[in-house]
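Q: This one is structure-v1.csv, CSV, C-alpha atoms.
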chain,number,residue,atom,x,y,z
A,17,MET,CA,0.0,0.0,0.0
A,18,LEU,CA,2.8,2.4,0.9
A,19,ARG,CA,4.6,1.5,-2.3
A,20,LYS,CA,1.5,2.3,-4.4
A,21,LEU,CA,1.0,5.6,-2.5
A,22,ALA,CA,4.7,6.6,-3.1
A,23,CYS,CA,4.4,5.7,-6.7
A,24,LEU,CA,1.2,7.7,-7.1
A,25,LEU,CA,2.8,10.7,-5.4
A,26,ALA,CA,5.9,10.4,-7.7
A,27,ILE,CA,3.6,10.4,-10.7
A,28,LEU,CA,1.6,13.4,-9.4
A,29,ALA,CA,4.8,15.3,-8.6
A,30,THR,CA,6.2,14.6,-12.1
A,31,THR,CA,2.9,15.7,-13.7
A,32,LEU,CA,2.7,18.9,-11.8
A,33,GLY,CA,6.4,19.6,-12.5
A,34,LEU,CA,5.8,19.2,-16.2
A,35,THR,CA,2.8,21.5,-16.0
A,36,VAL,CA,4.6,24.2,-14.1
A,37,PHE,CA,7.7,24.1,-16.4
A,38,SER,CA,5.9,23.7,-19.7
A,39,THR,CA,4.0,27.0,-19.6
A,40,GLY,CA,6.8,28.9,-21.3
A,41,THR,CA,7.5,32.6,-20.8
A,42,ALA,CA,4.7,35.1,-21.3
A,43,SER,CA,5.3,38.3,-23.2
A,44,ALA,CA,5.6,41.4,-21.1
A,45,ILE,CA,4.0,43.6,-23.8
A,46,GLY,CA,1.7,46.2,-22.2
A,47,GLN,CA,3.9,47.6,-19.5
A,48,GLU,CA,5.8,50.0,-21.7
A,49,THR,CA,5.6,53.8,-21.7
A,50,PHE,CA,6.8,56.1,-24.5
A,51,GLY,CA,7.7,59.7,-24.1
A,52,CYS,CA,10.1,62.5,-25.0
A,53,ARG,CA,12.2,65.3,-23.5
A,54,ILE,CA,14.0,68.2,-25.1
A,55,ALA,CA,17.5,69.6,-24.4
A,56,PRO,CA,18.4,72.2,-23.5
A,57,GLY,CA,15.7,72.2,-20.9
A,58,ASN,CA,14.7,71.8,-17.3
A,59,GLU,CA,12.7,68.6,-17.7
A,60,PHE,CA,14.5,65.4,-17.3
A,61,ASN,CA,11.6,62.9,-17.3
A,62,PHE,CA,10.0,61.5,-20.4
A,63,TYR,CA,6.4,62.4,-21.1
A,64,GLN,CA,4.1,61.4,-23.9
A,65,THR,CA,3.9,65.1,-24.8
A,66,CYS,CA,6.9,67.3,-24.2
A,67,ARG,CA,7.7,70.9,-24.9
A,68,ASN,CA,10.9,73.0,-24.7
A,69,THR,CA,11.4,74.8,-21.4
A,70,ARG,CA,14.4,76.8,-22.6
A,71,ASN,CA,15.5,78.7,-25.7
A,72,SER,CA,18.3,77.4,-27.8
A,73,ASN,CA,20.7,79.3,-30.0
A,74,THR,CA,21.9,76.0,-31.4
A,75,TYR,CA,20.0,72.8,-32.3
A,76,TYR,CA,17.6,71.2,-29.9
A,77,SER,CA,18.1,67.5,-29.0
A,78,VAL,CA,14.7,65.8,-28.9
A,79,ALA,CA,14.9,62.4,-27.2
A,80,PHE,CA,12.2,59.8,-27.5
A,81,LYS,CA,12.4,56.7,-25.2
A,82,VAL,CA,10.4,53.5,-24.7
A,83,GLN,CA,10.6,52.7,-21.0
A,84,ASN,CA,9.9,49.3,-19.3
A,85,ALA,CA,10.5,47.3,-22.4
A,86,THR,CA,12.0,43.8,-22.0
A,87,ALA,CA,15.5,43.1,-23.3
A,88,SER,CA,14.0,40.9,-26.0
A,89,SER,CA,11.8,43.6,-27.4
A,90,THR,CA,12.4,45.0,-30.9
A,91,PHE,CA,11.3,48.4,-32.2
A,92,SER,CA,10.0,49.8,-35.5
A,93,TRP,CA,10.3,53.6,-35.6
A,94,THR,CA,8.3,56.0,-37.7
A,95,ILE,CA,10.0,59.4,-37.9
A,96,PRO,CA,8.9,62.4,-40.0
A,97,ALA,CA,10.7,62.7,-43.3
A,98,PHE,CA,12.4,66.1,-42.4
A,99,TYR,CA,14.0,64.5,-39.3
A,100,GLN,CA,15.2,61.2,-40.9
A,101,SER,CA,18.5,62.8,-41.8
A,102,ARG,CA,18.8,64.4,-38.3
A,103,ILE,CA,19.1,61.2,-36.2
A,104,ILE,CA,21.6,61.7,-33.5
A,105,SER,CA,21.4,58.2,-32.0
A,106,GLY,CA,19.2,55.1,-31.8
A,107,CYS,CA,16.0,54.8,-33.9
A,108,THR,CA,17.0,51.2,-34.8
A,109,SER,CA,15.2,47.9,-34.3
A,110,MET,CA,17.3,47.1,-31.3
A,111,SER,CA,17.2,50.5,-29.7
A,112,SER,CA,14.5,51.6,-27.2
A,113,GLY,CA,15.5,55.2,-27.8
A,114,CYS,CA,15.6,57.7,-30.7
A,115,THR,CA,17.2,61.1,-30.5
A,116,LEU,CA,16.7,63.7,-33.2
A,117,SER,CA,18.3,67.1,-33.9
A,118,ALA,CA,15.9,70.0,-34.5
A,119,PRO,CA,16.8,73.5,-35.6
A,120,PRO,CA,15.7,76.4,-33.4
A,121,VAL,CA,14.4,78.5,-36.3
A,122,TYR,CA,10.7,78.0,-36.2
A,123,GLU,CA,7.9,76.4,-34.2
A,124,GLN,CA,7.8,72.6,-34.7
A,125,GLU,CA,5.7,69.6,-33.9
A,126,ILE,CA,7.6,66.3,-34.1
A,127,HIS,CA,5.4,63.2,-33.9
A,128,VAL,CA,7.1,59.9,-33.6
A,129,ASP,CA,5.5,56.4,-33.5
A,130,VAL,CA,7.0,53.1,-32.4
A,131,TRP,CA,5.8,49.5,-32.8
A,132,ILE,CA,7.2,47.3,-30.0
A,133,SER,CA,7.3,43.6,-30.6
A,134,ASP,CA,8.1,40.8,-28.1
A,135,GLY,CA,7.4,37.1,-28.3
A,136,GLY,CA,4.8,37.4,-31.1
A,137,ALA,CA,2.9,40.2,-29.4
A,138,SER,CA,3.2,43.9,-30.5
A,139,ARG,CA,2.1,47.3,-29.3
A,140,PHE,CA,1.8,50.7,-31.0
A,141,LEU,CA,2.8,53.9,-29.0
A,142,ASN,CA,3.2,57.5,-30.1
A,143,SER,CA,4.7,60.6,-28.6
A,144,SER,CA,4.9,64.3,-29.6
A,145,ALA,CA,7.4,67.1,-29.0
A,146,TYR,CA,6.5,70.7,-29.4
A,147,LEU,CA,9.2,73.4,-29.9
A,148,VAL,CA,8.1,77.0,-29.7
A,149,GLU,CA,10.2,79.6,-31.5
A,150,VAL,CA,10.4,82.1,-28.6
A,151,CYS,CA,11.0,80.6,-25.2
A,152,GLY,CA,12.7,83.5,-23.4
A,153,TYR,CA,9.8,84.2,-21.0
A,154,PRO,CA,8.0,81.7,-18.8
A,155,ASP,CA,4.6,82.8,-20.3
A,156,TYR,CA,5.8,81.5,-23.7
A,157,CYS,CA,7.2,78.2,-22.5
A,158,TRP,CA,4.5,75.7,-22.1
Please rewrite the model in this file as structure tokens.
A:
Amino acid sequence: MLRKLACLLAILATTLGLTVFSTGTASAIGQETFGCRIAPGNEFNFYQTCRNTRNSNTYYSVAFKVQNATASSTFSWTIPAFYQSRIISGCTSMSSGCTLSAPPVYEQEIHVDVWISDGGASRFLNSSAYLVEVCGYPDYCW
């Protein structure tokens, strides 16, 4: 009787073990956030919508970043045509960030989209940066 019980417990443990370990890894898609920030500026966090907080006599650096993505995630970036030749860094399928250079000569809206893929699942996110031409006074800086 004890032998049958031990055998039954062994079979049960093996079955449960196989069930626990055969579930595979679930995709972590859905926890990502996507935002931007502009340098020079006073804001160091990434927000879905960002605006310049300082004037620039040289080019602005507009950084877009996917946060909370897994290491196995891949990215597909959509960048406006005018800025495709102004990529400073990233913007590749393996990069969770994309930094663009923007001239300080006129007001600009930069809309960037990204598709994140991981383990067969995908997610679409977008972010927008707004550059105002005159940002010398707090009333003009959004």
Q: May I have the protein, DNA and RNA residues with any atom at most 9 Å from the point (6.1, 42.0, -24.7), counting all atoms listed in the file, written as a list in words?
A: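 Those within range, by chain then number, are Ala42, Ser43, Ala44, Ile45, Gly46, Gln47, Glu48, Ala85, Thr86, Ser88, Ser89, Ile132, Ser133, Asp134, Gly135, Gly136, Ala137, Ser138 and Arg139 of chain A.
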Q: May I ask which of the residues A:Cys114, A:Cys107, A:Ala97, A:Leu147 is the closest one to A:Phe80, counting only C-alpha atoms?
A: A:Cys114
Q: For the atom pair atom CA of A:Gln83 and atom CA of A:Leu116, what is the interatomic distance in Å to one decimal place?
A: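 So the two atoms, atom CA of A:Gln83 and atom CA of A:Leu116, lie 17.5 Å apart.
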Q: Rounded to one decimal in Å, what is the spacing between atom CA of A:Phe91 and atom CA of A:Ser117?
A: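 Distance reported for this atom pair: 20.0 Å.
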Q: Have a look at A:Asn58, A:Ser105, A:Thr69, A:Ser112 and name the one nearest to A:Thr90; count only C-alpha atoms.
A: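 Residue with the minimum atom-to-atom distance to A:Thr90: A:Ser112.
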Q: Do you have the atom CA of A:Trp131-atom CA of A:Ser92 distance handy?
A: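 Atom CA of A:Trp131 sits 5.0 Å away from atom CA of A:Ser92.
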Q: For stretch 118-131 of chain A, where the input has fewer atoms than it should, I would like N, CA, C and O atoms rebuilt and written as a compact mmCIF listing (two decimals), in the coordinates of the input.
A:
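Result file out.txt:
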# COMPACT_ATOMS: atom_id res chain seq x y z
N ALA A 118 16.88 69.11 -33.89
CA ALA A 118 15.90 70.00 -34.50
C ALA A 118 16.41 71.46 -34.44
O ALA A 118 16.89 71.94 -33.41
N PRO A 119 16.35 72.15 -35.58
CA PRO A 119 16.80 73.50 -35.60
C PRO A 119 15.91 74.46 -34.82
O PRO A 119 14.71 74.23 -34.76
N PRO A 120 16.48 75.51 -34.22
CA PRO A 120 15.70 76.40 -33.40
C PRO A 120 15.11 77.59 -34.18
O PRO A 120 14.95 78.68 -33.64
N VAL A 121 14.80 77.41 -35.44
CA VAL A 121 14.40 78.50 -36.30
C VAL A 121 12.95 78.77 -36.48
O VAL A 121 12.55 79.81 -36.97
N TYR A 122 12.11 77.83 -36.10
CA TYR A 122 10.70 78.00 -36.20
C TYR A 122 9.96 77.03 -35.31
O TYR A 122 10.57 76.09 -34.81
N GLU A 123 8.68 77.27 -35.10
CA GLU A 123 7.90 76.40 -34.20
C GLU A 123 7.75 75.03 -34.94
O GLU A 123 7.53 74.97 -36.14
N GLN A 124 7.88 73.96 -34.15
CA GLN A 124 7.80 72.60 -34.70
C GLN A 124 7.00 71.68 -33.90
O GLN A 124 6.95 71.81 -32.68
N GLU A 125 6.40 70.73 -34.58
CA GLU A 125 5.70 69.60 -33.90
C GLU A 125 6.40 68.35 -34.50
O GLU A 125 6.46 68.17 -35.71
N ILE A 126 6.91 67.52 -33.62
CA ILE A 126 7.60 66.30 -34.10
C ILE A 126 6.79 65.12 -33.47
O ILE A 126 6.77 64.94 -32.25
N HIS A 127 6.15 64.36 -34.33
CA HIS A 127 5.40 63.20 -33.90
C HIS A 127 6.11 61.93 -34.30
O HIS A 127 6.41 61.72 -35.48
N VAL A 128 6.40 61.10 -33.32
CA VAL A 128 7.10 59.90 -33.60
C VAL A 128 6.28 58.69 -33.07
O VAL A 128 5.67 58.75 -32.00
N ASP A 129 6.23 57.65 -33.89
CA ASP A 129 5.50 56.40 -33.50
C ASP A 129 6.49 55.29 -33.40
O ASP A 129 7.54 55.27 -34.05
N VAL A 130 6.13 54.31 -32.58
CA VAL A 130 7.00 53.10 -32.40
C VAL A 130 6.07 51.90 -32.25
O VAL A 130 5.08 51.95 -31.54
N TRP A 131 6.42 50.82 -32.97
CA TRP A 131 5.80 49.50 -32.80
C TRP A 131 6.81 48.71 -31.94
O TRP A 131 7.97 48.61 -32.30
